$ cat input_20.txt   # compact mmCIF, C-alpha atoms
# COMPACT_ATOMS: atom_id res chain seq x y z
CA MET A 755 -35.45 180.32 -226.81
CA GLY A 756 -37.28 177.03 -227.23
CA SER A 757 -37.82 174.09 -229.53
CA GLU A 758 -40.26 176.11 -231.61
CA ASN A 759 -37.43 178.52 -232.56
CA LEU A 760 -35.39 175.85 -234.30
CA SER A 761 -38.45 174.16 -235.76
CA GLN A 762 -39.43 177.41 -237.48
CA ASP A 763 -35.89 178.37 -238.53
CA THR A 764 -35.24 177.97 -242.25
CA LEU A 765 -31.44 177.68 -242.07
CA ALA A 766 -31.52 173.88 -242.02
CA GLU A 767 -33.74 173.75 -245.10
CA GLN A 768 -31.47 176.23 -246.89
CA LEU A 769 -28.41 174.11 -246.17
CA LEU A 770 -30.11 170.93 -247.38
CA GLU A 771 -31.32 172.61 -250.58
CA LEU A 772 -27.91 174.12 -251.36
CA ALA A 773 -26.13 170.84 -250.65
CA ILE A 774 -28.32 168.86 -253.03
CA LYS A 775 -28.09 171.55 -255.73
CA SER A 776 -24.30 171.48 -255.36
CA GLY A 777 -24.07 167.79 -256.16
CA ALA A 778 -24.51 166.03 -252.82
CA GLU A 779 -26.74 162.97 -252.96
CA ALA A 780 -27.66 163.27 -249.27
CA ALA A 781 -27.27 165.80 -246.44
CA GLU A 782 -28.06 166.21 -242.76
CA VAL A 783 -28.21 169.27 -240.48
CA TYR A 784 -27.79 169.06 -236.71
CA GLN A 785 -28.62 172.21 -234.72
CA SER A 786 -28.21 172.95 -231.04
CA GLN A 787 -29.02 175.98 -228.90
CA SER A 788 -28.24 176.28 -225.20
CA LEU A 789 -28.92 178.86 -222.52
CA SER A 790 -27.31 178.52 -219.11
CA ARG A 791 -27.64 180.62 -215.95
CA PRO A 792 -25.09 179.37 -213.38
CA VAL A 793 -24.80 180.70 -209.84
CA PHE A 794 -21.43 180.41 -208.03
CA PHE A 795 -20.66 180.35 -204.32
CA GLU A 796 -17.12 180.52 -202.94
CA ALA A 797 -15.90 180.42 -199.33
CA ASN A 798 -19.49 180.25 -198.05
CA ARG A 799 -20.61 183.35 -199.93
CA LEU A 800 -22.36 184.13 -203.20
CA LYS A 801 -19.64 185.01 -205.70
CA GLN A 802 -21.33 185.67 -209.05
CA LEU A 803 -24.24 185.04 -211.39
CA GLU A 804 -23.67 184.40 -215.08
CA THR A 805 -25.62 183.92 -218.29
CA SER A 806 -24.15 182.11 -221.26
CA GLN A 807 -25.75 181.29 -224.59
CA SER A 808 -24.49 179.31 -227.54
CA GLU A 809 -25.82 178.20 -230.90
CA GLY A 810 -24.22 175.77 -233.31
CA THR A 811 -24.97 174.17 -236.66
CA ALA A 812 -23.34 171.05 -238.10
CA LEU A 813 -23.74 170.08 -241.77
CA ARG A 814 -22.94 166.55 -242.89
CA LEU A 815 -23.24 165.63 -246.57
CA TRP A 816 -22.21 162.93 -249.00
CA ARG A 817 -21.06 163.44 -252.59
CA LYS A 818 -20.18 160.30 -254.54
CA GLY A 819 -20.50 158.51 -251.21
CA ARG A 820 -17.73 160.58 -249.61
CA PRO A 821 -18.75 162.28 -246.33
CA GLY A 822 -17.94 165.87 -245.45
CA LEU A 823 -18.65 167.57 -242.12
CA THR A 824 -18.43 171.25 -241.20
CA VAL A 825 -19.52 173.19 -238.12
CA ALA A 826 -20.38 176.85 -237.53
CA TYR A 827 -21.34 178.76 -234.40
CA GLY A 828 -23.59 181.77 -234.16
CA THR A 829 -24.41 183.47 -237.45
CA VAL A 830 -24.09 181.03 -240.35
CA ASP A 831 -23.44 181.62 -244.04
CA ALA A 832 -25.15 178.66 -245.71
CA GLN A 833 -23.19 178.79 -248.98
CA THR A 834 -19.83 178.84 -247.19
CA MET A 835 -20.78 175.86 -245.03
CA VAL A 836 -21.82 173.80 -248.04
CA GLU A 837 -18.63 174.64 -249.94
CA ARG A 838 -16.46 173.65 -246.98
CA ALA A 839 -18.29 170.37 -246.47
CA LEU A 840 -17.97 169.52 -250.16
CA ALA A 841 -14.25 170.31 -250.12
CA LEU A 842 -13.69 168.10 -247.07
CA SER A 843 -15.64 165.23 -248.63
CA GLN A 844 -12.96 164.91 -251.32
CA LEU A 845 -10.48 163.85 -248.61
CA ASN A 846 -12.57 160.96 -247.27
CA GLN A 847 -13.24 157.44 -248.47
CA PRO A 848 -16.72 156.51 -249.77
CA GLU A 849 -19.14 154.97 -247.28
CA THR A 850 -22.71 153.72 -247.19
CA VAL A 851 -25.09 156.55 -246.36
CA GLU A 852 -27.14 155.64 -243.28
CA LEU A 853 -29.97 158.15 -242.70
CA VAL A 854 -33.40 157.95 -241.10
CA GLN A 855 -36.11 158.47 -243.72
CA ASP A 856 -39.58 160.09 -243.72
CA SER A 857 -39.88 160.81 -240.00
CA HIS A 858 -41.49 163.94 -238.58
CA ALA A 859 -41.65 164.08 -234.79
CA SER A 860 -41.94 166.81 -232.19
CA TYR A 861 -41.62 165.91 -228.54
CA PRO A 862 -42.98 167.69 -225.45
CA ASP A 863 -40.57 169.92 -223.60
CA ILE A 864 -38.71 168.09 -220.85
CA GLY A 865 -38.06 169.75 -217.49
CA GLN A 866 -38.90 173.14 -216.03
CA ALA A 867 -36.63 176.16 -215.81
CA VAL A 868 -36.16 177.93 -212.47
CA PRO A 869 -35.06 181.56 -211.94
CA SER A 870 -31.64 182.47 -210.62
CA GLU A 871 -33.18 183.66 -207.35
CA VAL A 872 -34.27 180.12 -206.58
CA LEU A 873 -30.79 178.76 -207.37
CA VAL A 874 -29.29 181.36 -205.01
CA ASN A 875 -31.68 180.38 -202.21
CA TRP A 876 -30.90 176.69 -202.67
CA GLY A 877 -27.18 177.40 -202.47
CA LYS A 878 -27.54 179.49 -199.31
CA GLU A 879 -29.72 176.81 -197.70
CA ALA A 880 -27.24 174.00 -198.34
CA ILE A 881 -24.28 176.03 -197.05
CA ALA A 882 -26.18 177.11 -193.91
CA LEU A 883 -27.12 173.51 -193.07
CA ILE A 884 -23.49 172.40 -193.28
CA ARG A 885 -22.04 175.33 -191.35
CA ASP A 886 -24.60 174.96 -188.57
CA VAL A 887 -22.85 171.69 -187.72
CA TYR A 888 -19.32 172.45 -188.95
CA PRO A 889 -18.75 176.25 -188.73
CA ASP A 890 -15.08 175.93 -189.71
CA VAL A 891 -15.84 174.31 -193.07
CA LEU A 892 -15.47 176.35 -196.26
CA CYS A 893 -18.12 175.56 -198.88
CA SER A 894 -18.04 176.26 -202.60
CA SER A 895 -20.83 175.34 -204.98
CA ASP A 896 -22.29 175.82 -208.46
CA TRP A 897 -26.04 175.84 -209.15
CA GLU A 898 -27.20 175.87 -212.75
CA CYS A 899 -30.29 175.81 -214.93
CA ASP A 900 -29.47 174.70 -218.47
CA VAL A 901 -31.95 174.83 -221.37
CA GLU A 902 -30.93 173.02 -224.55
CA THR A 903 -32.80 172.69 -227.83
CA THR A 904 -31.86 170.08 -230.41
CA ARG A 905 -33.07 169.76 -233.99
CA LEU A 906 -32.11 167.23 -236.65
CA VAL A 907 -33.24 167.28 -240.30
CA ASN A 908 -32.01 165.53 -243.43
CA SER A 909 -32.66 165.40 -247.16
CA ARG A 910 -34.56 162.13 -246.89
CA GLY A 911 -37.49 163.42 -244.89
CA LEU A 912 -36.31 163.45 -241.26
CA ASN A 913 -37.37 166.40 -239.10
CA CYS A 914 -37.32 166.07 -235.30
CA TYR A 915 -36.60 168.33 -232.34
CA TYR A 916 -37.00 168.66 -228.58
CA ASN A 917 -36.35 171.08 -225.75
CA ASP A 918 -34.53 169.84 -222.64
CA THR A 919 -34.15 171.66 -219.29
CA THR A 920 -31.89 170.27 -216.57
CA LEU A 921 -30.87 171.54 -213.15
CA ASN A 922 -27.38 170.83 -211.80
CA CYS A 923 -25.54 171.51 -208.59
CA TYR A 924 -22.13 170.63 -207.26
CA MET A 925 -20.83 171.39 -203.77
CA SER A 926 -17.49 170.88 -202.07
CA ALA A 927 -16.74 171.33 -198.37
CA GLU A 928 -13.15 171.89 -197.28
CA TRP A 929 -12.09 171.21 -193.71
CA VAL A 930 -8.58 172.13 -192.55
CA ARG A 931 -7.44 170.63 -189.25
CA GLY A 932 -3.84 171.61 -188.65
CA ASN A 933 -1.83 169.82 -191.34
CA ASP A 934 -4.77 167.67 -192.32
CA PHE A 935 -6.84 168.77 -195.31
CA LEU A 936 -10.20 167.15 -196.12
CA SER A 937 -12.39 167.86 -199.15
CA VAL A 938 -15.84 166.30 -199.46
CA ALA A 939 -17.84 166.82 -202.64
CA ASP A 940 -21.20 165.77 -204.03
CA GLY A 941 -23.77 166.94 -206.56
CA GLN A 942 -27.15 166.47 -208.20
CA THR A 943 -28.63 166.53 -211.69
CA GLN A 944 -32.42 166.67 -211.78
CA ARG A 945 -35.50 167.82 -213.65
CA ASP A 946 -37.68 170.56 -212.17
CA ILE A 947 -36.17 170.78 -208.66
CA LEU A 948 -32.94 170.32 -206.73
CA TYR A 949 -32.74 169.16 -203.13
CA PRO A 950 -30.29 171.27 -201.08
CA GLU A 951 -31.23 169.54 -197.81
CA LYS A 952 -30.39 166.11 -199.26
CA LEU A 953 -27.10 167.40 -200.67
CA ALA A 954 -26.14 168.95 -197.33
CA HIS A 955 -27.05 165.73 -195.48
CA GLN A 956 -24.80 163.67 -197.77
CA ILE A 957 -21.85 165.97 -197.16
CA LEU A 958 -22.49 166.14 -193.41
CA GLN A 959 -22.55 162.35 -193.23
CA ARG A 960 -19.12 162.20 -194.89
CA LEU A 961 -17.75 164.85 -192.55
CA ASP A 962 -19.03 162.86 -189.56
CA TRP A 963 -17.33 159.72 -190.84
CA SER A 964 -14.08 161.67 -191.29
CA ARG A 965 -13.72 163.05 -187.77
CA GLU A 966 -10.87 160.65 -187.03
CA ASN A 967 -8.01 159.48 -189.21
CA VAL A 968 -7.29 155.78 -188.76
CA PRO A 969 -4.79 153.28 -190.21
CA PRO A 970 -6.16 151.46 -193.26
CA PRO A 971 -6.41 147.68 -193.50
CA THR A 972 -3.82 145.84 -195.56
CA GLY A 973 -3.91 142.86 -197.88
CA ARG A 974 -7.14 141.67 -199.46
CA VAL A 975 -10.23 143.09 -197.77
CA PRO A 976 -13.92 143.56 -198.63
CA VAL A 977 -14.61 146.88 -200.33
CA LEU A 978 -17.84 148.86 -200.43
CA PHE A 979 -18.17 151.28 -203.37
CA THR A 980 -20.69 154.00 -202.59
CA SER A 981 -23.07 155.02 -205.36
CA LYS A 982 -20.82 158.04 -205.91
CA ALA A 983 -17.74 155.86 -206.50
CA ALA A 984 -19.31 152.93 -208.36
CA ASP A 985 -19.30 154.72 -211.73
CA MET A 986 -15.70 153.57 -212.22
CA LEU A 987 -16.97 150.00 -212.50
CA TRP A 988 -19.83 150.83 -214.85
CA GLY A 989 -17.63 152.80 -217.22
CA THR A 990 -15.78 149.59 -218.07
CA ALA A 991 -19.03 147.64 -218.45
CA GLN A 992 -20.35 150.36 -220.74
CA ALA A 993 -17.27 150.08 -222.95
CA ALA A 994 -17.61 146.28 -223.14
CA LEU A 995 -21.24 146.62 -224.31
CA ASN A 996 -20.36 149.03 -227.14
CA GLY A 997 -21.17 147.46 -230.52
CA LYS A 998 -18.14 149.12 -232.07
CA ARG A 999 -15.88 147.31 -229.59
CA ILE A 1000 -17.63 144.06 -230.52
CA LEU A 1001 -16.86 144.62 -234.22
CA GLU A 1002 -13.24 145.39 -233.36
CA LEU A 1003 -13.08 142.20 -231.23
CA ALA A 1004 -11.84 144.44 -228.40
CA SER A 1005 -14.57 143.55 -225.89
CA PRO A 1006 -14.14 140.49 -223.66
CA TRP A 1007 -17.85 139.82 -224.24
CA VAL A 1008 -17.55 139.03 -227.95
CA GLU A 1009 -19.59 135.87 -228.63
CA ARG A 1010 -20.88 135.86 -225.03
CA LEU A 1011 -24.55 136.69 -225.73
CA GLY A 1012 -26.82 134.50 -223.66
CA THR A 1013 -24.09 133.55 -221.18
CA PRO A 1014 -23.30 134.82 -217.64
CA VAL A 1015 -20.72 137.61 -217.56
CA MET A 1016 -21.21 138.92 -214.01
CA SER A 1017 -23.02 138.23 -210.74
CA SER A 1018 -26.61 136.98 -211.05
CA SER A 1019 -27.64 139.87 -208.77
CA LEU A 1020 -26.89 142.42 -211.50
CA THR A 1021 -29.30 143.76 -214.12
CA LEU A 1022 -28.09 146.63 -216.34
CA TYR A 1023 -30.29 148.57 -218.77
CA GLN A 1024 -31.08 151.89 -220.43
CA ASP A 1025 -34.41 153.71 -220.30
CA PRO A 1026 -35.18 156.66 -222.66
CA GLN A 1027 -37.68 158.10 -220.16
CA ALA A 1028 -35.66 157.69 -216.96
CA GLY A 1029 -34.23 160.52 -214.93
CA PRO A 1030 -32.47 163.72 -215.99
CA TYR A 1031 -30.67 161.97 -218.87
CA SER A 1032 -33.84 160.90 -220.68
CA CYS A 1033 -33.66 161.35 -224.45
CA PRO A 1034 -36.33 160.88 -227.19
CA PHE A 1035 -33.97 160.34 -230.16
CA ASP A 1036 -30.26 160.00 -230.82
CA ASP A 1037 -28.04 162.23 -232.95
CA GLU A 1038 -28.97 160.28 -236.07
CA GLY A 1039 -32.71 160.79 -235.54
CA THR A 1040 -33.39 157.19 -234.49
CA PRO A 1041 -35.91 156.99 -231.61
CA THR A 1042 -34.27 155.82 -228.41
CA GLN A 1043 -35.53 152.62 -226.82
CA GLY A 1044 -35.50 150.77 -223.55
CA LEU A 1045 -32.92 148.01 -223.69
CA VAL A 1046 -31.77 145.45 -221.14
CA PHE A 1047 -28.07 144.75 -221.56
CA ILE A 1048 -27.54 142.27 -218.75
CA GLN A 1049 -30.39 140.41 -217.04
CA ASP A 1050 -29.55 138.60 -213.80
CA GLY A 1051 -25.92 138.51 -214.85
CA ILE A 1052 -26.59 137.15 -218.35
CA LEU A 1053 -25.53 139.19 -221.39
CA GLN A 1054 -28.57 140.08 -223.52
CA ASN A 1055 -27.73 142.99 -225.86
CA PHE A 1056 -25.14 145.44 -227.14
CA TYR A 1057 -25.80 149.05 -228.15
CA CYS A 1058 -24.99 150.57 -231.53
CA ASP A 1059 -25.54 153.36 -234.04
CA ARG A 1060 -26.91 152.84 -237.56
CA THR A 1061 -23.61 151.90 -239.21
CA THR A 1062 -22.47 149.58 -236.42
CA GLY A 1063 -25.90 148.01 -236.12
CA LYS A 1064 -25.99 147.19 -239.82
CA LYS A 1065 -22.60 145.51 -239.64
CA LEU A 1066 -23.71 143.50 -236.62
CA GLY A 1067 -27.00 142.61 -238.26
CA ILE A 1068 -29.08 144.01 -235.38
CA HIS A 1069 -30.00 147.50 -236.69
CA SER A 1070 -29.57 150.65 -234.62
CA THR A 1071 -30.57 150.61 -230.96
CA GLY A 1072 -30.95 154.42 -230.97
CA ASN A 1073 -27.48 154.99 -229.53
CA GLY A 1074 -25.77 157.01 -232.25
CA PHE A 1075 -24.42 160.12 -230.50
CA ARG A 1076 -21.78 162.73 -231.27
CA PRO A 1077 -18.92 162.79 -228.72
CA SER A 1078 -18.57 166.47 -229.61
CA PHE A 1079 -20.49 168.87 -231.83
CA SER A 1080 -17.96 168.50 -234.63
CA SER A 1081 -17.82 164.68 -234.49
CA TYR A 1082 -19.58 161.96 -236.45
CA PRO A 1083 -22.16 159.86 -234.57
CA THR A 1084 -20.75 156.81 -232.83
CA PRO A 1085 -22.24 154.28 -230.36
CA GLU A 1086 -22.76 155.96 -226.97
CA LEU A 1087 -25.15 155.62 -224.03
CA TYR A 1088 -27.38 158.45 -222.84
CA ASN A 1089 -28.13 156.80 -219.48
CA PHE A 1090 -27.12 153.57 -217.79
CA LEU A 1091 -29.16 152.10 -214.96
CA ILE A 1092 -28.27 149.37 -212.50
CA GLN A 1093 -31.23 147.76 -210.80
CA PRO A 1094 -30.79 148.34 -207.05
CA GLY A 1095 -30.88 145.67 -204.37
CA ASP A 1096 -32.87 145.60 -201.15
CA VAL A 1097 -30.16 146.29 -198.57
CA SER A 1098 -29.61 149.74 -197.06
CA LEU A 1099 -26.18 151.37 -196.97
CA SER A 1100 -26.01 150.93 -193.19
CA GLU A 1101 -26.84 147.23 -193.58
CA LEU A 1102 -24.07 146.86 -196.16
CA ILE A 1103 -21.65 148.39 -193.69
CA HIS A 1104 -22.80 145.99 -190.94
CA LEU A 1105 -21.93 143.06 -193.24
CA MET A 1106 -18.22 143.99 -193.10
CA ASP A 1107 -15.95 142.71 -190.35
CA ASP A 1108 -12.85 144.60 -191.49
CA GLY A 1109 -12.88 146.47 -194.77
CA LEU A 1110 -12.88 149.70 -196.75
CA ILE A 1111 -15.50 152.10 -198.05
CA ILE A 1112 -14.51 154.02 -201.19
CA ASP A 1113 -16.39 157.29 -201.68
CA GLN A 1114 -14.06 159.44 -203.79
CA MET A 1115 -11.05 158.35 -205.81
CA LEU A 1116 -8.16 159.63 -207.88
CA GLY A 1117 -7.61 157.77 -211.13
CA GLY A 1118 -9.90 155.17 -212.60
CA GLY A 1119 -10.23 152.04 -214.64
CA ASN A 1120 -7.91 151.18 -217.50
CA GLY A 1121 -10.60 151.34 -220.18
CA ILE A 1122 -12.02 148.16 -221.60
CA SER A 1123 -9.31 145.92 -220.07
CA GLY A 1124 -10.93 146.42 -216.67
CA ASP A 1125 -7.66 146.64 -214.74
CA PHE A 1126 -7.58 149.45 -212.21
CA SER A 1127 -5.26 150.90 -209.61
CA ILE A 1128 -6.81 153.81 -207.76
CA ASN A 1129 -5.78 156.14 -204.98
CA ILE A 1130 -8.54 156.64 -202.45
CA ASP A 1131 -9.27 160.35 -202.19
CA LEU A 1132 -11.97 159.85 -199.58
CA GLY A 1133 -12.47 156.50 -197.91
CA TYR A 1134 -13.31 154.99 -194.55
CA ARG A 1135 -12.33 151.95 -192.56
CA VAL A 1136 -14.94 149.56 -191.21
CA LYS A 1137 -14.34 147.27 -188.22
CA ASN A 1138 -16.95 144.95 -186.80
CA GLY A 1139 -19.65 146.51 -188.95
CA GLU A 1140 -18.97 150.12 -187.87
CA ILE A 1141 -17.15 153.03 -189.54
CA ILE A 1142 -14.24 153.96 -187.29
CA GLY A 1143 -12.72 156.78 -189.33
CA ARG A 1144 -11.14 158.08 -192.51
CA VAL A 1145 -8.18 156.40 -194.24
CA LYS A 1146 -5.44 158.25 -196.09
CA ASP A 1147 -2.65 157.39 -198.53
CA THR A 1148 -4.31 154.14 -199.55
CA MET A 1149 -4.49 152.41 -202.92
CA VAL A 1150 -6.81 149.68 -204.17
CA ALA A 1151 -6.17 147.52 -207.24
CA GLY A 1152 -8.11 144.87 -209.10
CA ASN A 1153 -10.07 144.07 -212.24
CA VAL A 1154 -13.59 145.31 -212.91
CA TYR A 1155 -14.82 142.10 -214.54
CA THR A 1156 -13.63 140.07 -211.56
CA VAL A 1157 -15.19 142.53 -209.11
CA LEU A 1158 -18.58 142.31 -210.82
CA LYS A 1159 -18.50 138.52 -210.59
CA GLU A 1160 -17.62 138.59 -206.88
CA LEU A 1161 -20.47 140.83 -205.75
CA VAL A 1162 -21.57 140.28 -202.15
CA ALA A 1163 -24.61 142.61 -202.01
CA LEU A 1164 -26.28 145.56 -203.75
CA GLY A 1165 -27.64 148.56 -201.89
CA ASN A 1166 -31.10 150.04 -202.24
CA ASP A 1167 -29.67 153.58 -202.33
CA ALA A 1168 -29.48 154.02 -206.11
CA ASP A 1169 -28.88 157.59 -207.25
CA TRP A 1170 -27.71 159.46 -210.34
CA ASN A 1171 -23.97 159.95 -210.58
CA GLY A 1172 -23.54 161.61 -213.94
CA SER A 1173 -25.52 159.54 -216.42
CA PHE A 1174 -25.16 156.39 -214.27
CA TYR A 1175 -28.01 155.40 -211.97
CA THR A 1176 -26.27 153.13 -209.52
CA PRO A 1177 -26.58 151.81 -205.96
CA SER A 1178 -23.75 151.13 -203.57
CA LEU A 1179 -22.21 147.69 -203.86
CA LEU A 1180 -20.15 145.47 -201.60
CA VAL A 1181 -17.57 143.19 -203.25
CA GLU A 1182 -15.21 140.50 -202.02
CA GLY A 1183 -11.55 141.10 -201.26
CA LEU A 1184 -9.53 143.62 -203.24
CA SER A 1185 -5.81 144.22 -202.85
CA THR A 1186 -4.99 147.27 -200.73
CA THR A 1187 -1.67 148.99 -200.06
CA SER A 1188 -0.83 152.06 -197.99
CA LYS A 1189 1.93 154.03 -196.33
CA LYS A 1190 3.19 152.65 -193.04
CA TYR A 1191 1.62 154.15 -189.95

$ encode --input "input_20.txt" --output "structure tokens"
Amino acid sequence: MGSENLSQDTLAEQLLELAIKSGAEAAEVYQSQSLSRPVFFEANRLKQLETSQSEGTALRLWRKGRPGLTVAYGTVDAQTMVERALALSQLNQPETVELVQDSHASYPDIGQAVPSEVLVNWGKEAIALIRDVYPDVLCSSDWECDVETTRLVNSRGLNCYYNDTTLNCYMSAEWVRGNDFLSVADGQTQRDILYPEKLAHQILQRLDWSRENVPPPTGRVPVLFTSKAADMLWGTAQAALNGKRILELASPWVERLGTPVMSSSLTLYQDPQAGPYSCPFDDEGTPTQGLVFIQDGILQNFYCDRTTGKKLGIHSTGNGFRPSFSSYPTPELYNFLIQPGDVSLSELIHLMDDGLIIDQMLGGGNGISGDFSINIDLGYRVKNGEIIGRVKDTMVAGNVYTVLKELVALGNDADWNGSFYTPSLLVEGLSTTSKKY
């Protein structure tokens, strides 16, 4: 399976032809194929190998300006799909048809597939490295090679496709000490190669920091979000930059272009060629583009799809994506990068007299409002610039927008956590509460 399979398939052309003959003035076909070969380890041992394959087709058309969308998986009957889409269009209100015109583009394959044997060896290596130091720890992990092909064509001359291969791994280490249960987890998403030694080192470091349980600090204390935990903050920033939220007047950054909205140390951007979440075009066929959202704390841009961009008068930024296969495109990010600082994680820790490190959490931000109240799933106390142990039963509360204005320092340890490329960051006092010790 590869991009050439979809590019040579005639189903999309059949659907477009039938749609137009049936009275639609415009139509679009979105096709996706995926092949995944995950490898699973449980309780330190190889558990199973799997292969899963899926293929889906989405037809979107407009008749008398009314949109209709239908989805089919596997074998597709073109006539049935067109009839269903036309029937659904009668239930919707007319809208302006926004389609890319006269664009033919094929992109080079991204990433390299690896065989299951390599995934198995990586999993065994990571587990062995951890158990050499902590033989009582139980490790579970998933290692996966995923190949996905995407094609998008429409009745106005668009035809583009690409083939994308990503490697993923996720590992958890469980350590039971009497009545005390500790779970440390981490993962990677990469092109071409995964790094089991790096993954094992990250988990071992957390296990070392967790050897002792210590009372947490109380009141307002400095907090260090590791790169693994910082995504909670960026999720709120991402929502505030969404052009749809600007149109709805739901973002606190409406009419703030060109003004400071966070610390001058922060620069936030997207890059269509960066990392494992690179992407040549969005789900509307618009080429993706590099875009700086916040430069040195100053708001520069929002992101949008074709419809939202037209209403804002800024055109599409190449960010029209489908939240699910059966959804209409809406403004979304494919990656989100935070420019790292020049301070190491250990140096950030040394800057703290008495504070908290948050590494894993339960709960998250309250959407675009920015208010959060989170339980620390895995966190550590710092005294006099040194980690003294793990804290339990501790909660931290605050507001994301306030946190991002009160930044103390950015780490140089940026890494991918999902589609966020973020460093660790140290912020001024946040409110902490905990059980009495």

$ residues_around --input "input_20.txt" --residues "Glu852 (chain A)" --least-positions-apart "6" --cutoff "9 Å" --atoms "only C-alpha atoms" --output "PyMOL selection string"
chain A and resi 1038+1060-1061

$ residues_near_point --input "input_20.txt" --point "(-16.4, 156.1, -245.5)" --cutoff "10 Å" --atoms "all atoms listed in the file" --output "list in words"
Trp816, Gly819, Arg820, Pro821, Gly822, Ser843, Asn846, Gln847, Pro848, Glu849, Thr850 and Val851 of chain A

$ write_last_selection --input "input_20.txt" --atoms "C-alpha atoms" --output "PDB file, in the coordinates of the input"
ATOM      1  CA  TRP A 816     -22.210 162.930-249.000  1.00  0.00           C
ATOM      2  CA  GLY A 819     -20.500 158.510-251.210  1.00  0.00           C
ATOM      3  CA  ARG A 820     -17.730 160.580-249.610  1.00  0.00           C
ATOM      4  CA  PRO A 821     -18.750 162.280-246.330  1.00  0.00           C
ATOM      5  CA  GLY A 822     -17.940 165.870-245.450  1.00  0.00           C
ATOM      6  CA  SER A 843     -15.640 165.230-248.630  1.00  0.00           C
ATOM      7  CA  ASN A 846     -12.570 160.960-247.270  1.00  0.00           C
ATOM      8  CA  GLN A 847     -13.240 157.440-248.470  1.00  0.00           C
ATOM      9  CA  PRO A 848     -16.720 156.510-249.770  1.00  0.00           C
ATOM     10  CA  GLU A 849     -19.140 154.970-247.280  1.00  0.00           C
ATOM     11  CA  THR A 850     -22.710 153.720-247.190  1.00  0.00           C
ATOM     12  CA  VAL A 851     -25.090 156.550-246.360  1.00  0.00           C
TER      13      VAL A 851
END

$ atom_distance --input "input_20.txt" --atom1 "CA of Gly911 (chain A)" --atom2 "CA of Leu853 (chain A)"
9.4 Å

$ residues_around --input "input_20.txt" --residues "Ser790 (chain A)" --least-positions-apart "4" --cutoff "6 Å" --atoms "only C-alpha atoms" --output "PDB file with C-alpha atoms, keeping the file's coordinate frame"
ATOM      1  CA  THR A 805     -25.620 183.920-218.290  1.00  0.00           C
ATOM      2  CA  SER A 806     -24.150 182.110-221.260  1.00  0.00           C
ATOM      3  CA  CYS A 899     -30.290 175.810-214.930  1.00  0.00           C
ATOM      4  CA  ASP A 900     -29.470 174.700-218.470  1.00  0.00           C
TER       5      ASP A 900
END

$ closest_residue --input "input_20.txt" --among "A:Leu1022, A:Thr1084, A:Val975, A:Gly1072" --to "Gly1152 (chain A)" --atoms "only C-alpha atoms"
A:Val975

$ closest_atom_pairs --input "input_20.txt" --of "region 1023-1123 of chain A" --to "region 918-926 of chain A" --cutoff "10 Å" --atoms "only C-alpha atoms" --output "JSON lines"
{"residue": "A:Pro1030", "atom": "CA", "partner": "A:Thr920", "partner_atom": "CA", "distance": 6.6}
{"residue": "A:Tyr1031", "atom": "CA", "partner": "A:Thr920", "partner_atom": "CA", "distance": 8.7}
{"residue": "A:Ser1032", "atom": "CA", "partner": "A:Asp918", "partner_atom": "CA", "distance": 9.2}
{"residue": "A:Cys1033", "atom": "CA", "partner": "A:Asp918", "partner_atom": "CA", "distance": 8.7}

$ residues_around --input "input_20.txt" --residues "Leu1066 (chain A)" --least-positions-apart "4" --cutoff "10 Å" --atoms "only C-alpha atoms" --output "list in words"
Gly997, Lys998, Ile1000, Leu1001, Phe1056, Cys1058, Arg1060, Thr1061, Thr1062 and Ser1070 of chain A

$ residues_around --input "input_20.txt" --residues "Cys914 (chain A)" --least-positions-apart "3" --cutoff "12 Å" --atoms "only C-alpha atoms" --output "number ranges by chain"
A: 757-758, 760-762, 766, 782-785, 854-862, 903-908, 911, 917, 1034-1041

$ closest_residue --input "input_20.txt" --among "A:Leu1161, A:Leu1110, A:Leu842, A:Val830" --to "Val968 (chain A)" --atoms "all atoms listed in the file"
A:Leu1110

$ atom_distance --input "input_20.txt" --atom1 "CA of Ser964 (chain A)" --atom2 "CA of Leu1099 (chain A)"
16.9 Å
